[in-house]
>>> print(open('start-v7.cif').read())   # mmCIF, C-alpha atoms and all ligand atoms
data_data
loop_
_atom_site.group_PDB
_atom_site.id
_atom_site.type_symbol
_atom_site.label_atom_id
_atom_site.label_comp_id
_atom_site.auth_asym_id
_atom_site.auth_seq_id
_atom_site.Cartn_x
_atom_site.Cartn_y
_atom_site.Cartn_z
ATOM 1 C CA MET A 16 155.134 28.891 9.518
ATOM 2 C CA ASP A 17 152.923 29.540 12.565
ATOM 3 C CA ALA A 18 151.663 32.889 11.278
ATOM 4 C CA ALA A 19 150.999 31.349 7.881
ATOM 5 C CA HIS A 20 149.206 28.442 9.548
ATOM 6 C CA ASP A 21 147.045 30.752 11.657
ATOM 7 C CA HIS A 22 146.182 32.833 8.644
ATOM 8 C CA LEU A 23 145.156 29.724 6.705
ATOM 9 C CA VAL A 24 142.988 28.515 9.567
ATOM 10 C CA GLU A 25 141.367 31.943 9.734
ATOM 11 C CA MET A 26 140.593 31.915 6.015
ATOM 12 C CA LEU A 27 139.198 28.392 6.163
ATOM 13 C CA SER A 28 136.947 29.476 9.032
ATOM 14 C CA ARG A 29 135.780 32.486 7.095
ATOM 15 C CA LEU A 30 134.989 30.280 4.087
ATOM 16 C CA LYS A 31 133.225 27.845 6.465
ATOM 17 C CA LEU A 32 135.455 25.017 5.253
ATOM 18 C CA THR A 33 135.397 23.582 8.734
ATOM 19 C CA ALA A 34 136.274 19.984 7.851
ATOM 20 C CA ILE A 35 139.433 21.073 6.039
ATOM 21 C CA ARG A 36 140.227 23.460 8.889
ATOM 22 C CA ASP A 37 139.767 20.828 11.602
ATOM 23 C CA GLN A 38 141.692 18.115 9.741
ATOM 24 C CA LEU A 39 144.259 20.419 8.170
ATOM 25 C CA ASP A 40 147.406 18.785 9.555
ATOM 26 C CA SER A 41 146.296 15.237 8.875
ATOM 27 C CA LEU A 42 145.069 16.167 5.389
ATOM 28 C CA ILE A 43 148.393 17.790 4.533
ATOM 29 C CA ASP A 44 150.215 14.745 5.928
ATOM 30 C CA GLU A 45 148.021 12.422 3.913
ATOM 31 C CA ALA A 46 148.570 14.401 0.698
ATOM 32 C CA GLY A 47 152.332 14.261 1.306
ATOM 33 C CA ARG A 48 152.385 10.587 2.177
ATOM 34 C CA ARG A 49 150.407 9.669 -0.946
ATOM 35 C CA GLU A 50 152.564 12.071 -3.002
ATOM 36 C CA LEU A 51 149.469 13.776 -4.398
ATOM 37 C CA THR A 52 149.758 16.569 -6.954
ATOM 38 C CA ILE A 53 148.331 19.911 -5.869
ATOM 39 C CA ARG A 54 145.274 19.254 -7.996
ATOM 40 C CA GLU A 55 144.758 15.818 -6.393
ATOM 41 C CA ALA A 56 145.300 17.239 -2.920
ATOM 42 C CA LEU A 57 142.704 19.949 -3.533
ATOM 43 C CA GLY A 58 140.347 17.223 -4.693
ATOM 44 C CA LEU A 59 140.943 15.273 -1.480
ATOM 45 C CA PHE A 60 140.334 18.370 0.659
ATOM 46 C CA CYS A 61 137.088 19.176 -1.139
ATOM 47 C CA GLU A 62 135.871 15.590 -0.822
ATOM 48 C CA ARG A 63 136.343 15.726 2.946
ATOM 49 C CA GLU A 64 134.543 19.050 3.177
ATOM 50 C CA ILE A 65 131.612 17.814 1.093
ATOM 51 C CA ALA A 66 131.394 14.591 3.124
ATOM 52 C CA ARG A 67 131.176 16.624 6.340
ATOM 53 C CA LYS A 68 128.569 19.003 4.906
ATOM 54 C CA ASP A 69 126.438 16.095 3.640
ATOM 55 C CA GLU A 70 126.668 14.421 7.022
ATOM 56 C CA ARG A 71 125.546 17.617 8.763
ATOM 57 C CA ARG A 72 122.687 18.164 6.341
ATOM 58 C CA ILE A 73 121.456 14.590 6.809
ATOM 59 C CA GLU A 74 121.741 14.856 10.587
ATOM 60 C CA MET A 75 119.764 18.091 10.605
ATOM 61 C CA SER A 76 117.075 16.813 8.224
ATOM 62 C CA VAL A 77 116.692 13.602 10.214
ATOM 63 C CA GLY A 78 116.137 15.732 13.314
ATOM 64 C CA LEU A 79 113.513 17.833 11.538
ATOM 65 C CA ALA A 80 111.755 14.713 10.200
ATOM 66 C CA ARG A 81 110.787 13.564 13.731
ATOM 67 C CA PHE A 82 111.074 9.847 13.081
ATOM 68 C CA PRO A 83 109.850 7.684 15.996
ATOM 69 C CA PHE A 84 112.924 5.429 15.757
ATOM 70 C CA VAL A 85 115.990 4.774 13.659
ATOM 71 C CA ARG A 86 115.537 2.131 10.960
ATOM 72 C CA ASP A 87 117.105 1.519 7.573
ATOM 73 C CA LEU A 88 116.474 -0.746 4.620
ATOM 74 C CA ALA A 89 119.597 -2.772 5.361
ATOM 75 C CA GLY A 90 117.998 -3.725 8.684
ATOM 76 C CA PHE A 91 114.844 -5.017 7.037
ATOM 77 C CA ASP A 92 114.667 -8.784 6.759
ATOM 78 C CA PHE A 93 113.008 -9.273 3.356
ATOM 79 C CA ALA A 94 113.272 -13.053 3.641
ATOM 80 C CA ALA A 95 110.974 -12.897 6.662
ATOM 81 C CA GLN A 96 108.412 -10.950 4.656
ATOM 82 C CA PRO A 97 107.813 -12.747 1.337
ATOM 83 C CA SER A 98 104.649 -10.716 0.623
ATOM 84 C CA ILE A 99 106.875 -7.694 -0.067
ATOM 85 C CA ASP A 100 108.500 -7.265 -3.456
ATOM 86 C CA LYS A 101 112.040 -6.196 -2.667
ATOM 87 C CA GLY A 102 112.411 -4.695 -6.124
ATOM 88 C CA GLN A 103 109.426 -2.428 -5.524
ATOM 89 C CA ILE A 104 110.922 -1.156 -2.259
ATOM 90 C CA ARG A 105 114.256 -0.561 -4.014
ATOM 91 C CA GLU A 106 112.433 1.401 -6.690
ATOM 92 C CA LEU A 107 110.756 3.529 -3.996
ATOM 93 C CA ALA A 108 114.173 4.069 -2.409
ATOM 94 C CA THR A 109 115.353 5.834 -5.571
ATOM 95 C CA GLY A 110 113.048 8.715 -4.618
ATOM 96 C CA ARG A 111 111.388 8.830 -8.018
ATOM 97 C CA PHE A 112 107.944 8.725 -6.404
ATOM 98 C CA ILE A 113 108.845 11.900 -4.519
ATOM 99 C CA ALA A 114 110.035 13.694 -7.630
ATOM 100 C CA ASN A 115 106.709 12.739 -9.234
ATOM 101 C CA GLY A 116 104.609 13.726 -6.202
ATOM 102 C CA GLU A 117 103.082 10.250 -5.926
ATOM 103 C CA ALA A 118 101.521 8.446 -2.977
ATOM 104 C CA VAL A 119 102.687 5.248 -1.317
ATOM 105 C CA LEU A 120 100.381 3.152 0.847
ATOM 106 C CA PHE A 121 101.660 0.429 3.151
ATOM 107 C CA LEU A 122 98.697 -1.657 4.251
ATOM 108 C CA GLY A 123 98.747 -4.582 6.623
ATOM 109 C CA PRO A 124 98.196 -5.886 10.151
ATOM 110 C CA PRO A 125 100.250 -4.658 13.150
ATOM 111 C CA GLY A 126 103.885 -5.647 13.444
ATOM 112 C CA VAL A 127 104.602 -6.535 9.828
ATOM 113 C CA GLY A 128 107.091 -3.704 9.281
ATOM 114 C CA LYS A 129 105.004 -0.835 7.886
ATOM 115 C CA THR A 130 106.526 1.828 10.125
ATOM 116 C CA HIS A 131 109.993 0.300 9.740
ATOM 117 C CA LEU A 132 109.784 0.591 5.949
ATOM 118 C CA ALA A 133 108.256 4.079 6.139
ATOM 119 C CA VAL A 134 111.103 5.342 8.353
ATOM 120 C CA ALA A 135 113.742 3.567 6.264
ATOM 121 C CA LEU A 136 112.407 5.103 3.052
ATOM 122 C CA GLY A 137 112.168 8.479 4.780
ATOM 123 C CA HIS A 138 115.799 8.215 5.765
ATOM 124 C CA GLU A 139 116.804 7.195 2.260
ATOM 125 C CA SER A 140 114.860 10.149 0.826
ATOM 126 C CA ILE A 141 116.731 12.548 3.104
ATOM 127 C CA ARG A 142 120.013 11.085 1.884
ATOM 128 C CA GLN A 143 118.854 11.939 -1.619
ATOM 129 C CA GLY A 144 118.227 15.528 -0.607
ATOM 130 C CA TYR A 145 114.456 15.532 -0.036
ATOM 131 C CA SER A 146 112.862 17.070 3.033
ATOM 132 C CA VAL A 147 110.761 14.630 5.057
ATOM 133 C CA LEU A 148 108.274 14.939 7.897
ATOM 134 C CA PHE A 149 106.884 12.024 9.883
ATOM 135 C CA ALA A 150 103.640 12.237 11.842
ATOM 136 C CA THR A 151 101.136 9.747 13.154
ATOM 137 C CA ALA A 152 97.642 10.237 11.767
ATOM 138 C CA PRO A 153 96.121 11.057 15.179
ATOM 139 C CA ALA A 154 98.838 13.629 15.960
ATOM 140 C CA LEU A 155 98.567 15.210 12.533
ATOM 141 C CA VAL A 156 94.801 15.519 12.710
ATOM 142 C CA ALA A 157 94.950 16.827 16.288
ATOM 143 C CA ALA A 158 97.413 19.502 15.174
ATOM 144 C CA LEU A 159 95.155 20.532 12.288
ATOM 145 C CA ALA A 160 92.057 20.586 14.529
ATOM 146 C CA LYS A 161 93.822 22.689 17.147
ATOM 147 C CA ALA A 162 95.047 25.120 14.520
ATOM 148 C CA HIS A 163 91.532 25.274 13.090
ATOM 149 C CA THR A 164 90.001 26.349 16.409
ATOM 150 C CA GLU A 165 92.804 28.871 16.893
ATOM 151 C CA GLY A 166 92.256 30.363 13.450
ATOM 152 C CA ARG A 167 95.682 29.233 12.221
ATOM 153 C CA LEU A 168 94.636 26.399 9.933
ATOM 154 C CA GLU A 169 96.249 27.950 6.875
ATOM 155 C CA GLU A 170 99.607 28.121 8.644
ATOM 156 C CA ARG A 171 99.421 24.467 9.767
ATOM 157 C CA LEU A 172 98.327 23.247 6.349
ATOM 158 C CA SER A 173 101.337 25.009 4.840
ATOM 159 C CA PHE A 174 103.596 23.416 7.448
ATOM 160 C CA PHE A 175 102.412 19.909 6.559
ATOM 161 C CA ALA A 176 102.358 20.692 2.847
ATOM 162 C CA LYS A 177 105.933 21.893 2.774
ATOM 163 C CA PRO A 178 108.137 18.791 3.086
ATOM 164 C CA LYS A 179 108.738 16.919 -0.162
ATOM 165 C CA LEU A 180 107.637 13.729 1.566
ATOM 166 C CA LEU A 181 105.011 13.587 4.288
ATOM 167 C CA ILE A 182 104.753 10.269 6.120
ATOM 168 C CA VAL A 183 101.425 9.643 7.843
ATOM 169 C CA ASP A 184 101.691 6.619 10.086
ATOM 170 C CA GLU A 185 98.920 4.538 11.632
ATOM 171 C CA LEU A 186 95.948 5.766 9.703
ATOM 172 C CA GLY A 187 92.924 3.819 10.862
ATOM 173 C CA TYR A 188 94.040 2.731 14.312
ATOM 174 C CA LEU A 189 91.672 5.409 15.593
ATOM 175 C CA PRO A 190 88.549 6.544 13.740
ATOM 176 C CA PHE A 191 88.505 10.221 12.710
ATOM 177 C CA GLU A 192 86.093 12.810 14.031
ATOM 178 C CA PRO A 193 83.868 14.131 11.196
ATOM 179 C CA ASP A 194 85.691 17.494 11.200
ATOM 180 C CA ALA A 195 89.066 15.757 11.229
ATOM 181 C CA ALA A 196 88.274 13.835 8.050
ATOM 182 C CA HIS A 197 87.585 17.102 6.289
ATOM 183 C CA LEU A 198 90.803 18.663 7.605
ATOM 184 C CA PHE A 199 92.767 15.659 6.397
ATOM 185 C CA TYR A 200 91.066 15.981 3.027
ATOM 186 C CA GLN A 201 92.246 19.594 2.805
ATOM 187 C CA LEU A 202 95.814 18.524 3.460
ATOM 188 C CA VAL A 203 95.661 15.722 0.888
ATOM 189 C CA SER A 204 94.275 18.025 -1.780
ATOM 190 C CA ARG A 205 96.862 20.672 -0.953
ATOM 191 C CA ARG A 206 99.652 18.151 -1.468
ATOM 192 C CA TYR A 207 98.019 16.437 -4.432
ATOM 193 C CA GLU A 208 100.432 16.256 -7.369
ATOM 194 C CA ARG A 209 102.821 18.624 -5.564
ATOM 195 C CA GLY A 210 104.265 16.576 -2.733
ATOM 196 C CA ALA A 211 104.536 12.877 -2.090
ATOM 197 C CA MET A 212 102.776 11.132 0.774
ATOM 198 C CA LEU A 213 103.548 7.822 2.384
ATOM 199 C CA ILE A 214 100.691 6.440 4.454
ATOM 200 C CA THR A 215 100.617 3.336 6.595
ATOM 201 C CA SER A 216 97.361 1.743 7.684
ATOM 202 C CA ASN A 217 96.117 -1.421 9.305
ATOM 203 C CA ARG A 218 92.870 -1.054 7.371
ATOM 204 C CA SER A 219 92.267 -1.968 3.755
ATOM 205 C CA VAL A 220 91.291 0.843 1.443
ATOM 206 C CA VAL A 221 87.651 -0.341 1.327
ATOM 207 C CA GLU A 222 87.451 0.226 5.106
ATOM 208 C CA TRP A 223 88.581 3.842 4.875
ATOM 209 C CA GLY A 224 84.983 5.037 4.721
ATOM 210 C CA SER A 225 84.509 3.910 8.317
ATOM 211 C CA VAL A 226 87.969 5.223 9.307
ATOM 212 C CA PHE A 227 87.011 8.706 8.138
ATOM 213 C CA GLY A 228 83.431 8.347 9.354
ATOM 214 C CA ASP A 229 82.258 9.856 6.086
ATOM 215 C CA ALA A 230 82.076 7.905 2.839
ATOM 216 C CA VAL A 231 82.030 11.034 0.652
ATOM 217 C CA VAL A 232 85.172 12.547 2.192
ATOM 218 C CA ALA A 233 86.871 9.125 2.193
ATOM 219 C CA THR A 234 86.156 8.748 -1.524
ATOM 220 C CA ALA A 235 87.509 12.233 -2.244
ATOM 221 C CA ILE A 236 90.683 11.451 -0.268
ATOM 222 C CA LEU A 237 91.161 8.077 -1.930
ATOM 223 C CA ASP A 238 90.492 9.550 -5.340
ATOM 224 C CA ARG A 239 93.490 11.837 -4.949
ATOM 225 C CA LEU A 240 95.744 9.375 -3.161
ATOM 226 C CA LEU A 241 95.137 6.468 -5.508
ATOM 227 C CA HIS A 242 95.442 8.493 -8.705
ATOM 228 C CA HIS A 243 99.252 8.201 -8.774
ATOM 229 C CA SER A 244 100.008 5.598 -6.192
ATOM 230 C CA HIS A 245 101.945 2.537 -5.134
ATOM 231 C CA VAL A 246 99.855 0.307 -2.905
ATOM 232 C CA ILE A 247 101.841 -2.286 -1.000
ATOM 233 C CA THR A 248 99.823 -4.822 0.926
ATOM 234 C CA ILE A 249 101.829 -6.689 3.524
ATOM 235 C CA ARG A 250 100.544 -9.958 4.875
ATOM 236 C CA GLY A 251 101.758 -12.301 7.546
ATOM 237 C CA ASP A 252 102.476 -12.478 11.245
ATOM 238 C CA SER A 253 103.786 -9.734 13.454
ATOM 239 C CA TYR A 254 107.584 -9.787 13.167
ATOM 240 C CA ARG A 255 107.989 -9.209 16.894
ATOM 241 C CA LEU A 256 105.714 -12.091 17.846
ATOM 242 C CA ARG A 257 107.422 -14.312 15.318
ATOM 243 C CA GLU A 258 110.812 -13.533 16.855
ATOM 244 C CA LYS A 259 109.429 -14.340 20.301
ATOM 245 C CA ARG A 260 107.941 -17.578 19.026
ATOM 246 C CA ARG A 261 111.227 -18.536 17.431
ATOM 247 C CA SER A 262 113.094 -17.993 20.677
ATOM 248 C CA GLY A 263 110.543 -20.111 22.526
ATOM 249 C CA LEU A 264 108.909 -17.285 24.520
ATOM 250 C CA LEU A 265 105.576 -17.953 22.843
ATOM 251 C CA PRO A 266 104.051 -21.230 21.648
ATOM 252 C CA LYS A 267 104.687 -21.938 17.974
ATOM 253 C CA GLN A 268 101.832 -21.590 15.504
ATOM 254 C CA GLY A 269 100.931 -24.459 13.170
ATOM 255 C CA GLY A 270 102.332 -24.670 9.628
ATOM 256 C CA GLU A 271 103.847 -21.193 9.204
ATOM 257 C CA ALA A 272 106.136 -21.313 12.237
ATOM 258 C CA ALA A 273 107.109 -24.914 11.540
ATOM 259 C CA ALA A 274 108.002 -23.962 7.972
ATOM 260 C CA THR A 275 110.201 -21.035 9.019
ATOM 261 C CA ALA A 276 111.913 -22.854 11.896
ATOM 262 C CA SER A 277 115.224 -24.150 10.681
HETATM 263 P P1 LIG B 301 103.966 -2.015 11.920
HETATM 264 O O1 LIG B 301 104.238 -0.574 11.705
HETATM 265 O O2 LIG B 301 103.574 -2.744 10.662
HETATM 266 O O3 LIG B 301 103.003 -2.273 13.033
HETATM 267 P P2 LIG B 301 106.756 -2.048 12.696
HETATM 268 O O4 LIG B 301 107.372 -1.511 11.468
HETATM 269 O O5 LIG B 301 106.625 -1.115 13.839
HETATM 270 O O6 LIG B 301 105.334 -2.708 12.372
HETATM 271 O O7 LIG B 301 107.549 -3.342 13.129
HETATM 272 C C1 LIG B 301 107.554 -3.806 14.477
HETATM 273 C C2 LIG B 301 108.995 -4.087 14.887
HETATM 274 O O8 LIG B 301 109.486 -5.199 14.166
HETATM 275 C C3 LIG B 301 109.940 -2.934 14.547
HETATM 276 O O9 LIG B 301 110.911 -2.860 15.563
HETATM 277 C C4 LIG B 301 110.554 -3.340 13.226
HETATM 278 O O10 LIG B 301 111.853 -2.805 13.074
HETATM 279 C C5 LIG B 301 110.568 -4.853 13.347
HETATM 280 N N1 LIG B 301 110.357 -5.486 12.041
HETATM 281 C C6 LIG B 301 109.179 -5.737 11.434
HETATM 282 N N2 LIG B 301 109.340 -6.395 10.290
HETATM 283 C C7 LIG B 301 110.660 -6.573 10.145
HETATM 284 C C8 LIG B 301 111.478 -7.212 9.147
HETATM 285 N N3 LIG B 301 110.950 -7.830 8.067
HETATM 286 N N4 LIG B 301 112.829 -7.183 9.339
HETATM 287 C C9 LIG B 301 113.384 -6.593 10.420
HETATM 288 N N5 LIG B 301 112.659 -6.001 11.402
HETATM 289 C C10 LIG B 301 111.318 -5.987 11.276
HETATM 290 MG MG MG B 302 103.530 0.985 12.826
#
>>> encode(input="start-v7.cif", output="structure tokens")
Amino acid sequence: MDAAHDHLVEMLSRLKLTAIRDQLDSLIDEAGRRELTIREALGLFCEREIARKDERRIEMSVGLARFPFVRDLAGFDFAAQPSIDKGQIRELATGRFIANGEAVLFLGPPGVGKTHLAVALGHESIRQGYSVLFATAPALVAALAKAHTEGRLEERLSFFAKPKLLIVDELGYLPFEPDAAHLFYQLVSRRYERGAMLITSNRSVVEWGSVFGDAVVATAILDRLLHHSHVITIRGDSYRLREKRRSGLLPKQGGEAAATAS
């Protein structure tokens, strides 16, 4: 029995069936207790192995995505944000926009949940098997500019072009340097119709000319981004400030706060 057990463990290790190996005794017990047929028991073992492998893959991809925080769609209070169409977010969560290489724009003032939704959709996309990378616009542009001066622009562009979904957060909080706008344009055209992008911005699309400091480059960027795109404009108060107001830390605002107070 012991030699047979050791041999089995060795084979499971060699096959990298580590979940079955680690839970072997309890799995065998469970199969016995539930009086499973051999076929059913094998099914159970494979399910556990696949669950573990999926978990690992998601964990690894989430690490590679470099999200700034952990957020999911379940944690998003849609009732607090009536300007968002829940159905549209659910549709985005299917990942179809990634398969089609489309662009998603979340536009709106600070604190309304743009980054929350971007991270939540990024997480959902990973669960569906897509690779995701998150970067803030200033960090992304700084990385491209640095690579440019070091003669490694091509390498960096490939890096940012590779993930199936690239999330660019906080476009427009800082204006771009003239060179930076052109670098960003190169990235957008490289990804155009090949990879999806999700961009958040506190500026409306008509203001992007001043964000990029160059109307011609801004138009070229928008032309590509808006061609196949989902533009979601979020209105309303900062969620954080609203929560503070509700708990009495800040004075209430006129009609809106009175209407939401229960
Ligand atoms: P933005 O990126 O639009 O400035 P964030 O997504 O960073 O705003 O949101 C600010 C904080 O408020 C985050 O911690 C986020 O999770 C939370 N938040 C914003 N909107 C909602 C919402 N509708 N439901 C739950 N949490 C929210
Ligand atoms: Mg944000």
>>> atom_distance(input="start-v7.cif", atom1="atom CA of Pro83 of chain A", atom2="atom CA of Ala158 of chain A")
17.2 Å
>>> closest_residue(input="start-v7.cif", among="A:Leu136, A:Ile113, A:Ala162, A:Ala34", to="Tyr207 of chain A", atoms="all atoms listed in the file")
A:Ile113
>>> residues_near_ligand(input="start-v7.cif", ligand="ligand MG 302 (chain B)", cutoff="8 Å", atoms="only C-alpha atoms and all ligand atoms", output="PyMOL selection string")
chain A and resi 125-126+128-131+184-185+215
>>> residues_near_ligand(input="start-v7.cif", ligand="ligand LIG 301 (chain B)", cutoff="9 Å", atoms="all atoms listed in the file", output="MDAnalysis selection string")
chainID A and resid 84:97 121:134 184:185 215:217 249 253:256 258
>>> resolve_selection(input="start-v7.cif", expression="the PyMOL selection byres (((chain A and resi 138-153) around 9) and not hetatm)", output="compact mmCIF listing (two decimals) with C-alpha atoms, in the frame of the given file")
# COMPACT_ATOMS: atom_id res chain seq x y z
CA ASP A 69 126.44 16.10 3.64
CA ARG A 72 122.69 18.16 6.34
CA ILE A 73 121.46 14.59 6.81
CA SER A 76 117.08 16.81 8.22
CA VAL A 77 116.69 13.60 10.21
CA LEU A 79 113.51 17.83 11.54
CA ALA A 80 111.76 14.71 10.20
CA ARG A 81 110.79 13.56 13.73
CA PHE A 82 111.07 9.85 13.08
CA PRO A 83 109.85 7.68 16.00
CA VAL A 85 115.99 4.77 13.66
CA ARG A 86 115.54 2.13 10.96
CA ASP A 87 117.10 1.52 7.57
CA LEU A 88 116.47 -0.75 4.62
CA ALA A 108 114.17 4.07 -2.41
CA THR A 109 115.35 5.83 -5.57
CA GLY A 110 113.05 8.72 -4.62
CA ILE A 113 108.84 11.90 -4.52
CA ALA A 114 110.04 13.69 -7.63
CA ALA A 133 108.26 4.08 6.14
CA VAL A 134 111.10 5.34 8.35
CA ALA A 135 113.74 3.57 6.26
CA LEU A 136 112.41 5.10 3.05
CA GLY A 137 112.17 8.48 4.78
CA ALA A 154 98.84 13.63 15.96
CA LEU A 155 98.57 15.21 12.53
CA VAL A 156 94.80 15.52 12.71
CA ALA A 157 94.95 16.83 16.29
CA ALA A 158 97.41 19.50 15.17
CA PHE A 175 102.41 19.91 6.56
CA LYS A 177 105.93 21.89 2.77
CA PRO A 178 108.14 18.79 3.09
CA LYS A 179 108.74 16.92 -0.16
CA LEU A 180 107.64 13.73 1.57
CA LEU A 181 105.01 13.59 4.29
CA ILE A 182 104.75 10.27 6.12
CA VAL A 183 101.42 9.64 7.84
CA ASP A 184 101.69 6.62 10.09
CA GLU A 185 98.92 4.54 11.63
CA LEU A 186 95.95 5.77 9.70
CA GLY A 187 92.92 3.82 10.86
CA TYR A 188 94.04 2.73 14.31
CA LEU A 189 91.67 5.41 15.59
CA PRO A 190 88.55 6.54 13.74
CA PHE A 191 88.50 10.22 12.71
CA ILE A 214 100.69 6.44 4.45
>>> residues_around(input="start-v7.cif", residues="Lys31 of chain A", least_positions_apart="4", cutoff="12 Å", atoms="only C-alpha atoms", output="number ranges by chain")
A: 24-27, 35-37, 64-65, 67-68
>>> closest_residue(input="start-v7.cif", among="A:Asp238, A:Glu74, A:Glu117, A:Asp194", to="Leu213 of chain A", atoms="only C-alpha atoms")
A:Glu117
>>> decode(input="start-v7.cif", residues="segment 87-141 of chain A", atoms="C-alpha atoms", output="compact mmCIF listing (two decimals), in the first residue's frame")
# COMPACT_ATOMS: atom_id res chain seq x y z
CA ASP A 87 -14.64 43.67 -8.84
CA LEU A 88 -17.98 44.32 -10.48
CA ALA A 89 -19.84 42.80 -7.54
CA GLY A 90 -18.37 45.58 -5.39
CA PHE A 91 -19.65 48.32 -7.66
CA ASP A 92 -22.76 50.05 -6.41
CA PHE A 93 -24.72 50.65 -9.63
CA ALA A 94 -27.62 52.19 -7.72
CA ALA A 95 -25.29 54.97 -6.59
CA GLN A 96 -24.32 55.66 -10.19
CA PRO A 97 -27.50 55.97 -12.29
CA SER A 98 -25.61 57.52 -15.23
CA ILE A 99 -24.08 54.09 -15.92
CA ASP A 100 -26.01 51.51 -17.90
CA LYS A 101 -25.48 48.29 -16.00
CA GLY A 102 -26.33 46.27 -19.08
CA GLN A 103 -23.54 47.96 -21.03
CA ILE A 104 -21.00 47.11 -18.31
CA ARG A 105 -22.24 43.51 -18.27
CA GLU A 106 -21.81 43.37 -22.03
CA LEU A 107 -18.22 44.65 -21.66
CA ALA A 108 -17.63 42.01 -18.99
CA THR A 109 -18.28 39.27 -21.57
CA GLY A 110 -14.95 40.23 -23.16
CA ARG A 111 -16.43 40.55 -26.63
CA PHE A 112 -14.85 43.99 -27.04
CA ILE A 113 -11.45 42.39 -26.46
CA ALA A 114 -12.05 39.65 -29.01
CA ASN A 115 -13.00 42.40 -31.48
CA GLY A 116 -10.04 44.65 -30.59
CA GLU A 117 -12.32 47.56 -29.69
CA ALA A 118 -11.74 50.57 -27.45
CA VAL A 119 -13.59 51.50 -24.28
CA LEU A 120 -13.54 55.03 -22.89
CA PHE A 121 -14.67 55.86 -19.37
CA LEU A 122 -15.06 59.61 -19.12
CA GLY A 123 -16.06 61.58 -16.06
CA PRO A 124 -14.97 63.69 -13.09
CA PRO A 125 -12.74 62.31 -10.29
CA GLY A 126 -14.15 59.77 -7.87
CA VAL A 127 -17.06 58.47 -9.92
CA GLY A 128 -15.66 54.95 -10.29
CA LYS A 129 -13.71 55.02 -13.57
CA THR A 130 -10.66 53.22 -12.21
CA HIS A 131 -12.84 50.86 -10.17
CA LEU A 132 -14.71 49.77 -13.30
CA ALA A 133 -11.50 49.57 -15.35
CA VAL A 134 -9.86 47.27 -12.77
CA ALA A 135 -13.02 45.20 -12.35
CA LEU A 136 -13.34 44.68 -16.10
CA GLY A 137 -9.62 43.90 -16.29
CA HIS A 138 -10.06 41.25 -13.64
CA GLU A 139 -13.07 39.80 -15.41
CA SER A 140 -11.12 39.70 -18.69
CA ILE A 141 -8.32 37.74 -17.02
